[in-house]
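> Structure below; questions to follow.
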Amino acid sequence: MEKELEQEPLLLVDDEPNLRRVLSKLLEVEGFRVATAGHAQEAEHKLAEQYFRVVITDVRMPGRSGLELLRAQKSHLPQTEFIVLTAYGNVQDGVQAMKDGAYDYLVKGDNDEELPLVARRACEKALLKEQVQELQTRLDSKSGFDHIVGSSARLKEATRMAAKVAATDARVLLVGETGTGKELFAEAIHRSSRRS
């Protein structure tokens with residue numbers, strides 16, 4: 001998994017060209033491919049064009065801040081992890097960044113050697129979130145009422161009743177002969193219930 005993550009492109013957003021170059025080299029030496037942006041608007045364009053598991057952003061930039069970028073993007077890129085960098089170790093900014101969903105908050109200069117390790121861990125977390133989402137999607141698609149097929153009136157009535165009872169907290173007893181689909185109904189009821 002580490003080999004796969006090392007080739008993962010990261011997006012580094014910082015308005016200081018020299019620092020952007022230094023941090024890019026630091027991450028590239030550790031095996032990451034780094035795309036860069038000089039401000040939040042440029043970062044948004046790159047995020048619209050390509051998927052990045054990790055975005056590393058400065059807090060203070062001209063125009064929109066890194067915290068504003070985080071808030072704007074996190075809602076529609078929930079799997080992407082954001083690492084927030086600042087030259088000014090402000091506790092309020094750090095707390096706000098974490099509340100807004102940042103993976104970590106680092107002070108520039110103090111934690112530069114930690115950055116590749118934090119980026120790798122953030123990539124791992126993003127990958128795990130993607131895998132969980134994929135598995136959930138597979139489970140949902142395999143166990144809903146849509147996968148109970150048949151055209152008889154009795155089967156349609158049983159499916160309608162099962163869907164109705166799934167919305168309640170009532171206990172359900174399924175009876176029937178072997179091979180009639182009790183297990184499919186039980187799975188569909190469970191997946192459609194609040195208890196799933």
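Chain labels run A, B, ... following the order of the structure tokens; each chain numbers its residues from 1, and ligands are numbered from 1 in the order shown.
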Per residue of region 10-57 of chain A within 9 Å of region 93-116 of chain A, which atom pair is closest and at what distance in Å (one decimal), using only C-alpha atoms, listed by chain and increasing number, as a tab-separated table?

```
residue	atom	partner	partner_atom	distance
A:Leu23	CA	A:Asp112	CA	7.6
A:Leu26	CA	A:Pro116	CA	7.5
A:Leu27	CA	A:Pro116	CA	5.6
A:Glu28	CA	A:Pro116	CA	9.0
A:Glu30	CA	A:Pro116	CA	6.6
A:Phe32	CA	A:Pro116	CA	8.4
```
> Store the residues of this selection in a file with N, CA, C and O atoms, as an mmCIF file, in the first residue's frame.

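The file below, again.cif, is the result:
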```cif
data_model
loop_
_atom_site.group_PDB
_atom_site.id
_atom_site.type_symbol
_atom_site.label_atom_id
_atom_site.label_comp_id
_atom_site.auth_asym_id
_atom_site.auth_seq_id
_atom_site.Cartn_x
_atom_site.Cartn_y
_atom_site.Cartn_z
ATOM 1 N N LEU A 23 9.019 22.895 -0.375
ATOM 2 C CA LEU A 23 8.122 21.834 0.109
ATOM 3 C C LEU A 23 7.850 20.793 -0.973
ATOM 4 O O LEU A 23 7.756 19.598 -0.687
ATOM 5 N N LEU A 26 10.847 18.538 -1.065
ATOM 6 C CA LEU A 26 10.827 17.687 0.123
ATOM 7 C C LEU A 26 9.867 16.505 -0.066
ATOM 8 O O LEU A 26 10.209 15.357 0.238
ATOM 9 N N LEU A 27 8.698 16.774 -0.599
ATOM 10 C CA LEU A 27 7.703 15.716 -0.830
ATOM 11 C C LEU A 27 8.118 14.807 -1.986
ATOM 12 O O LEU A 27 7.927 13.589 -1.934
ATOM 13 N N GLU A 28 8.701 15.386 -3.042
ATOM 14 C CA GLU A 28 9.135 14.591 -4.190
ATOM 15 C C GLU A 28 10.260 13.644 -3.813
ATOM 16 O O GLU A 28 10.317 12.505 -4.303
ATOM 17 N N GLU A 30 10.576 12.163 -1.138
ATOM 18 C CA GLU A 30 9.918 11.049 -0.445
ATOM 19 C C GLU A 30 9.040 10.224 -1.382
ATOM 20 O O GLU A 30 8.351 9.309 -0.940
ATOM 21 N N PHE A 32 6.525 11.367 -3.602
ATOM 22 C CA PHE A 32 5.221 11.900 -3.993
ATOM 23 C C PHE A 32 5.334 12.710 -5.274
ATOM 24 O O PHE A 32 6.356 13.332 -5.542
#
```
> Mind checking DSSP for region 1-182 of chain A and telling me the strand (DSSP E or B) residues as number ranges by chain?
A: 9-13, 33-37, 54-58, 81-86, 104-107
> Create the file for the chosen residues now, containing N, CA, C and O atoms and written as a compact mmCIF listing (two decimals), in the first residue's frame.

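Contents of out.txt, as written:
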```
# COMPACT_ATOMS: atom_id res chain seq x y z
N PRO A 9 -0.61 11.70 -6.47
CA PRO A 9 -0.37 13.14 -6.59
C PRO A 9 -0.99 13.90 -5.42
O PRO A 9 -2.08 13.58 -4.97
N LEU A 10 -0.25 14.87 -4.93
CA LEU A 10 -0.72 15.75 -3.87
C LEU A 10 -0.86 17.15 -4.46
O LEU A 10 -0.13 17.50 -5.38
N LEU A 11 -1.74 17.93 -3.89
CA LEU A 11 -1.85 19.33 -4.31
C LEU A 11 -1.33 20.21 -3.18
O LEU A 11 -1.80 20.13 -2.05
N LEU A 12 -0.32 21.01 -3.50
CA LEU A 12 0.29 21.92 -2.53
C LEU A 12 -0.11 23.35 -2.91
O LEU A 12 0.15 23.80 -4.03
N VAL A 13 -0.75 24.05 -1.97
CA VAL A 13 -1.25 25.40 -2.23
C VAL A 13 -0.55 26.37 -1.30
O VAL A 13 -0.71 26.29 -0.08
N ARG A 33 4.25 12.71 -6.06
CA ARG A 33 4.14 13.60 -7.21
C ARG A 33 3.38 14.82 -6.73
O ARG A 33 2.28 14.69 -6.18
N VAL A 34 3.93 15.99 -6.93
CA VAL A 34 3.35 17.20 -6.36
C VAL A 34 2.86 18.14 -7.46
O VAL A 34 3.62 18.53 -8.33
N ALA A 35 1.58 18.49 -7.38
CA ALA A 35 1.02 19.56 -8.21
C ALA A 35 0.93 20.78 -7.30
O ALA A 35 0.72 20.65 -6.10
N THR A 36 1.12 21.96 -7.87
CA THR A 36 1.11 23.16 -7.03
C THR A 36 0.12 24.19 -7.53
O THR A 36 -0.27 24.20 -8.70
N ALA A 37 -0.29 25.05 -6.58
CA ALA A 37 -1.16 26.19 -6.90
C ALA A 37 -0.70 27.34 -6.02
O ALA A 37 -0.30 27.14 -4.88
N VAL A 54 -4.94 14.13 -1.15
CA VAL A 54 -4.45 15.05 -0.13
C VAL A 54 -4.19 16.42 -0.73
O VAL A 54 -3.60 16.54 -1.81
N VAL A 55 -4.64 17.44 0.01
CA VAL A 55 -4.35 18.83 -0.34
C VAL A 55 -3.62 19.43 0.86
O VAL A 55 -4.09 19.33 1.99
N ILE A 56 -2.47 20.03 0.59
CA ILE A 56 -1.70 20.72 1.63
C ILE A 56 -1.82 22.20 1.32
O ILE A 56 -1.44 22.64 0.23
N THR A 57 -2.40 22.96 2.24
CA THR A 57 -2.66 24.37 1.95
C THR A 57 -2.18 25.30 3.05
O THR A 57 -2.26 24.97 4.24
N ASP A 58 -1.67 26.44 2.63
CA ASP A 58 -1.29 27.51 3.55
C ASP A 58 -2.58 28.16 4.06
O ASP A 58 -3.61 28.13 3.38
N GLU A 81 -8.29 14.53 2.07
CA GLU A 81 -7.77 15.00 3.35
C GLU A 81 -6.99 16.29 3.13
O GLU A 81 -6.22 16.41 2.18
N PHE A 82 -7.20 17.25 4.03
CA PHE A 82 -6.53 18.54 3.96
C PHE A 82 -5.54 18.68 5.11
O PHE A 82 -5.90 18.42 6.26
N ILE A 83 -4.32 19.07 4.76
CA ILE A 83 -3.31 19.40 5.77
C ILE A 83 -3.12 20.90 5.67
O ILE A 83 -2.84 21.44 4.59
N VAL A 84 -3.30 21.58 6.80
CA VAL A 84 -3.22 23.04 6.81
C VAL A 84 -1.88 23.47 7.38
O VAL A 84 -1.46 23.00 8.43
N LEU A 85 -1.19 24.35 6.63
CA LEU A 85 0.12 24.89 7.05
C LEU A 85 -0.03 26.36 7.40
O LEU A 85 -0.80 27.07 6.76
N THR A 86 0.73 26.80 8.37
CA THR A 86 0.73 28.21 8.71
C THR A 86 2.10 28.65 9.17
O THR A 86 2.85 27.86 9.74
N ASP A 104 -4.71 17.58 9.58
CA ASP A 104 -3.70 18.04 10.52
C ASP A 104 -3.44 19.52 10.29
O ASP A 104 -3.81 20.08 9.25
N TYR A 105 -2.79 20.14 11.26
CA TYR A 105 -2.45 21.56 11.24
C TYR A 105 -0.99 21.67 11.65
O TYR A 105 -0.62 21.28 12.76
N LEU A 106 -0.14 22.14 10.74
CA LEU A 106 1.30 22.19 11.01
C LEU A 106 1.83 23.62 10.87
O LEU A 106 1.36 24.39 10.04
N VAL A 107 2.84 23.93 11.68
CA VAL A 107 3.49 25.24 11.61
C VAL A 107 4.68 25.12 10.67
O VAL A 107 5.53 24.23 10.83
```
> Residues within 6 Å of region 123-127 of chain A, please, as a list in words. Count only C-alpha atoms; anything in the same chain fewer than 3 positions from it doesn't count.
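These residues fall inside the cut-off: Arg53, Gln79, Thr80, Arg120 and Glu130 of chain A.
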> One number please: CA of Ile189 (chain A) to CA of Leu174 (chain A), in Å, one decimal.
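Computed distance, CA of Ile189 (chain A) to CA of Leu174 (chain A), equals 10.7 Å.
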> Would you mind listing what lies within 12 Å of region 154-157 of chain A as a PDB file with C-alpha atoms, in the first residue's frame, with only C-alpha atoms counted and same-chain residues fewer than 3 positions away left out?

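Below is the file part.pdb, written as the result:
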```pdb
ATOM      1  CA  PHE A 145     -35.453  -4.664  -2.314  1.00  0.00           C
ATOM      2  CA  ASP A 146     -34.556  -3.955  -5.949  1.00  0.00           C
ATOM      3  CA  ILE A 148     -35.796  -9.297  -5.216  1.00  0.00           C
ATOM      4  CA  VAL A 149     -37.091 -10.187  -8.642  1.00  0.00           C
ATOM      5  CA  GLY A 150     -40.359 -11.744  -9.612  1.00  0.00           C
ATOM      6  CA  SER A 151     -43.678 -10.742 -11.105  1.00  0.00           C
ATOM      7  CA  ARG A 160     -44.351  -4.134  -0.282  1.00  0.00           C
ATOM      8  CA  MET A 161     -45.036  -5.394   3.259  1.00  0.00           C
ATOM      9  CA  ALA A 162     -41.349  -6.030   3.942  1.00  0.00           C
ATOM     10  CA  ALA A 163     -40.437  -2.514   2.778  1.00  0.00           C
ATOM     11  CA  LYS A 164     -43.157  -1.092   5.011  1.00  0.00           C
ATOM     12  CA  THR A 180     -38.244 -19.164  -1.198  1.00  0.00           C
ATOM     13  CA  GLY A 181     -35.979 -16.173  -0.475  1.00  0.00           C
ATOM     14  CA  LYS A 182     -36.311 -15.656   3.277  1.00  0.00           C
ATOM     15  CA  PHE A 185     -35.947 -10.608   2.438  1.00  0.00           C
TER      16      PHE A 185
END
```
> Which one is closest to His147 (chain A): A:Ala87, A:Val165, A:Ala188, A:Leu69? Count only C-alpha atoms.
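So, comparing all the options, the nearest one is A:Ala188.
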> Could you please write out, as JSON, numbers by chain, every residue of region 20-94 of chain A that DSSP assigns to helix (DSSP H, G or I)?
{"A": [20, 21, 22, 23, 24, 25, 26, 27, 28, 29, 40, 41, 42, 43, 44, 45, 46, 47, 48, 49, 66, 67, 68, 69, 70, 71, 72, 73, 74, 91, 92, 93, 94]}
> With N, CA, C and O atoms retained, could you export that selection as a short mmCIF file (atom, residue, chain, number, x, y, z; two decimals), in the first residue's frame?

```cif
data_model
loop_
_atom_site.label_atom_id
_atom_site.label_comp_id
_atom_site.auth_asym_id
_atom_site.auth_seq_id
_atom_site.Cartn_x
_atom_site.Cartn_y
_atom_site.Cartn_z
N ARG A 20 6.97 27.07 -1.78
CA ARG A 20 6.28 26.06 -2.58
C ARG A 20 7.30 25.13 -3.23
O ARG A 20 7.12 23.91 -3.24
N ARG A 21 8.39 25.71 -3.75
CA ARG A 21 9.45 24.90 -4.39
C ARG A 21 10.13 23.98 -3.37
O ARG A 21 10.33 22.81 -3.61
N VAL A 22 10.46 24.53 -2.20
CA VAL A 22 11.16 23.76 -1.16
C VAL A 22 10.28 22.60 -0.68
O VAL A 22 10.74 21.45 -0.59
N LEU A 23 9.02 22.90 -0.38
CA LEU A 23 8.12 21.83 0.11
C LEU A 23 7.85 20.79 -0.97
O LEU A 23 7.76 19.60 -0.69
N SER A 24 7.74 21.25 -2.22
CA SER A 24 7.55 20.30 -3.34
C SER A 24 8.72 19.34 -3.42
O SER A 24 8.54 18.13 -3.55
N LYS A 25 9.94 19.87 -3.36
CA LYS A 25 11.14 19.03 -3.42
C LYS A 25 11.19 18.05 -2.25
O LYS A 25 11.52 16.88 -2.43
N LEU A 26 10.85 18.54 -1.07
CA LEU A 26 10.83 17.69 0.12
C LEU A 26 9.87 16.51 -0.07
O LEU A 26 10.21 15.36 0.24
N LEU A 27 8.70 16.77 -0.60
CA LEU A 27 7.70 15.72 -0.83
C LEU A 27 8.12 14.81 -1.99
O LEU A 27 7.93 13.59 -1.93
N GLU A 28 8.70 15.39 -3.04
CA GLU A 28 9.14 14.59 -4.19
C GLU A 28 10.26 13.64 -3.81
O GLU A 28 10.32 12.51 -4.30
N VAL A 29 11.18 14.09 -2.95
CA VAL A 29 12.28 13.23 -2.48
C VAL A 29 11.71 11.99 -1.78
O VAL A 29 12.27 10.91 -1.85
N ALA A 40 -5.97 30.05 -3.71
CA ALA A 40 -7.15 29.18 -3.55
C ALA A 40 -7.92 28.99 -4.86
O ALA A 40 -8.37 27.88 -5.15
N GLN A 41 -8.06 30.04 -5.66
CA GLN A 41 -8.81 29.92 -6.91
C GLN A 41 -8.12 28.95 -7.87
O GLN A 41 -8.78 28.14 -8.52
N GLU A 42 -6.81 29.03 -7.96
CA GLU A 42 -6.06 28.10 -8.82
C GLU A 42 -6.20 26.67 -8.30
O GLU A 42 -6.37 25.73 -9.07
N ALA A 43 -6.19 26.53 -6.99
CA ALA A 43 -6.37 25.21 -6.38
C ALA A 43 -7.74 24.64 -6.72
O ALA A 43 -7.86 23.45 -7.04
N GLU A 44 -8.77 25.47 -6.68
CA GLU A 44 -10.12 25.01 -7.00
C GLU A 44 -10.21 24.52 -8.44
O GLU A 44 -10.87 23.53 -8.73
N HIS A 45 -9.53 25.22 -9.36
CA HIS A 45 -9.51 24.78 -10.76
C HIS A 45 -8.84 23.41 -10.88
O HIS A 45 -9.33 22.53 -11.58
N LYS A 46 -7.72 23.24 -10.18
CA LYS A 46 -7.01 21.95 -10.24
C LYS A 46 -7.83 20.84 -9.60
O LYS A 46 -7.84 19.70 -10.08
N LEU A 47 -8.53 21.14 -8.51
CA LEU A 47 -9.37 20.14 -7.85
C LEU A 47 -10.56 19.75 -8.72
O LEU A 47 -11.04 18.63 -8.65
N ALA A 48 -11.03 20.68 -9.55
CA ALA A 48 -12.13 20.37 -10.47
C ALA A 48 -11.65 19.49 -11.63
O ALA A 48 -12.41 18.68 -12.16
N GLU A 49 -10.38 19.62 -12.00
CA GLU A 49 -9.83 18.86 -13.12
C GLU A 49 -9.32 17.48 -12.73
O GLU A 49 -9.35 16.56 -13.53
N GLY A 66 -6.62 29.56 3.13
CA GLY A 66 -6.62 28.10 3.08
C GLY A 66 -7.78 27.51 3.86
O GLY A 66 -8.32 26.46 3.49
N LEU A 67 -8.20 28.17 4.93
CA LEU A 67 -9.36 27.69 5.70
C LEU A 67 -10.64 27.82 4.88
O LEU A 67 -11.50 26.95 4.93
N GLU A 68 -10.76 28.89 4.11
CA GLU A 68 -11.92 29.05 3.23
C GLU A 68 -11.92 27.99 2.13
O GLU A 68 -12.97 27.45 1.78
N LEU A 69 -10.74 27.69 1.60
CA LEU A 69 -10.61 26.63 0.60
C LEU A 69 -11.04 25.30 1.21
O LEU A 69 -11.81 24.55 0.59
N LEU A 70 -10.57 25.00 2.39
CA LEU A 70 -10.94 23.77 3.10
C LEU A 70 -12.45 23.67 3.25
O LEU A 70 -13.06 22.66 2.89
N ARG A 71 -13.08 24.72 3.77
CA ARG A 71 -14.53 24.70 4.00
C ARG A 71 -15.29 24.52 2.69
O ARG A 71 -16.25 23.77 2.62
N ALA A 72 -14.86 25.22 1.65
CA ALA A 72 -15.56 25.16 0.36
C ALA A 72 -15.44 23.79 -0.29
O ALA A 72 -16.38 23.31 -0.91
N GLN A 73 -14.29 23.14 -0.16
CA GLN A 73 -14.05 21.89 -0.87
C GLN A 73 -14.45 20.65 -0.09
O GLN A 73 -14.82 19.64 -0.66
N LYS A 74 -14.38 20.70 1.23
CA LYS A 74 -14.61 19.50 2.05
C LYS A 74 -16.03 18.96 1.88
O LYS A 74 -16.24 17.76 1.94
N VAL A 91 -3.54 29.25 17.68
CA VAL A 91 -4.37 28.18 18.23
C VAL A 91 -5.78 28.23 17.67
O VAL A 91 -6.36 27.20 17.32
N GLN A 92 -6.33 29.44 17.52
CA GLN A 92 -7.70 29.57 17.00
C GLN A 92 -7.80 29.01 15.58
O GLN A 92 -8.76 28.31 15.26
N ASP A 93 -6.82 29.32 14.72
CA ASP A 93 -6.83 28.79 13.36
C ASP A 93 -6.72 27.27 13.37
O ASP A 93 -7.38 26.58 12.59
N GLY A 94 -5.87 26.75 14.24
CA GLY A 94 -5.71 25.30 14.34
C GLY A 94 -6.99 24.62 14.76
O GLY A 94 -7.40 23.61 14.16
#
```
> When distances are computed from only C-alpha atoms, which of A:Leu117, A:Ala158, A:His190, A:Leu77 shows the smallest separation from Gly176 (chain A)?
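Nearest to Gly176 (chain A): A:Ala158.
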> Provide the CA of Tyr51 (chain A) to CA of Arg138 (chain A) distance in Å, to one decimal place.
21.7 Å
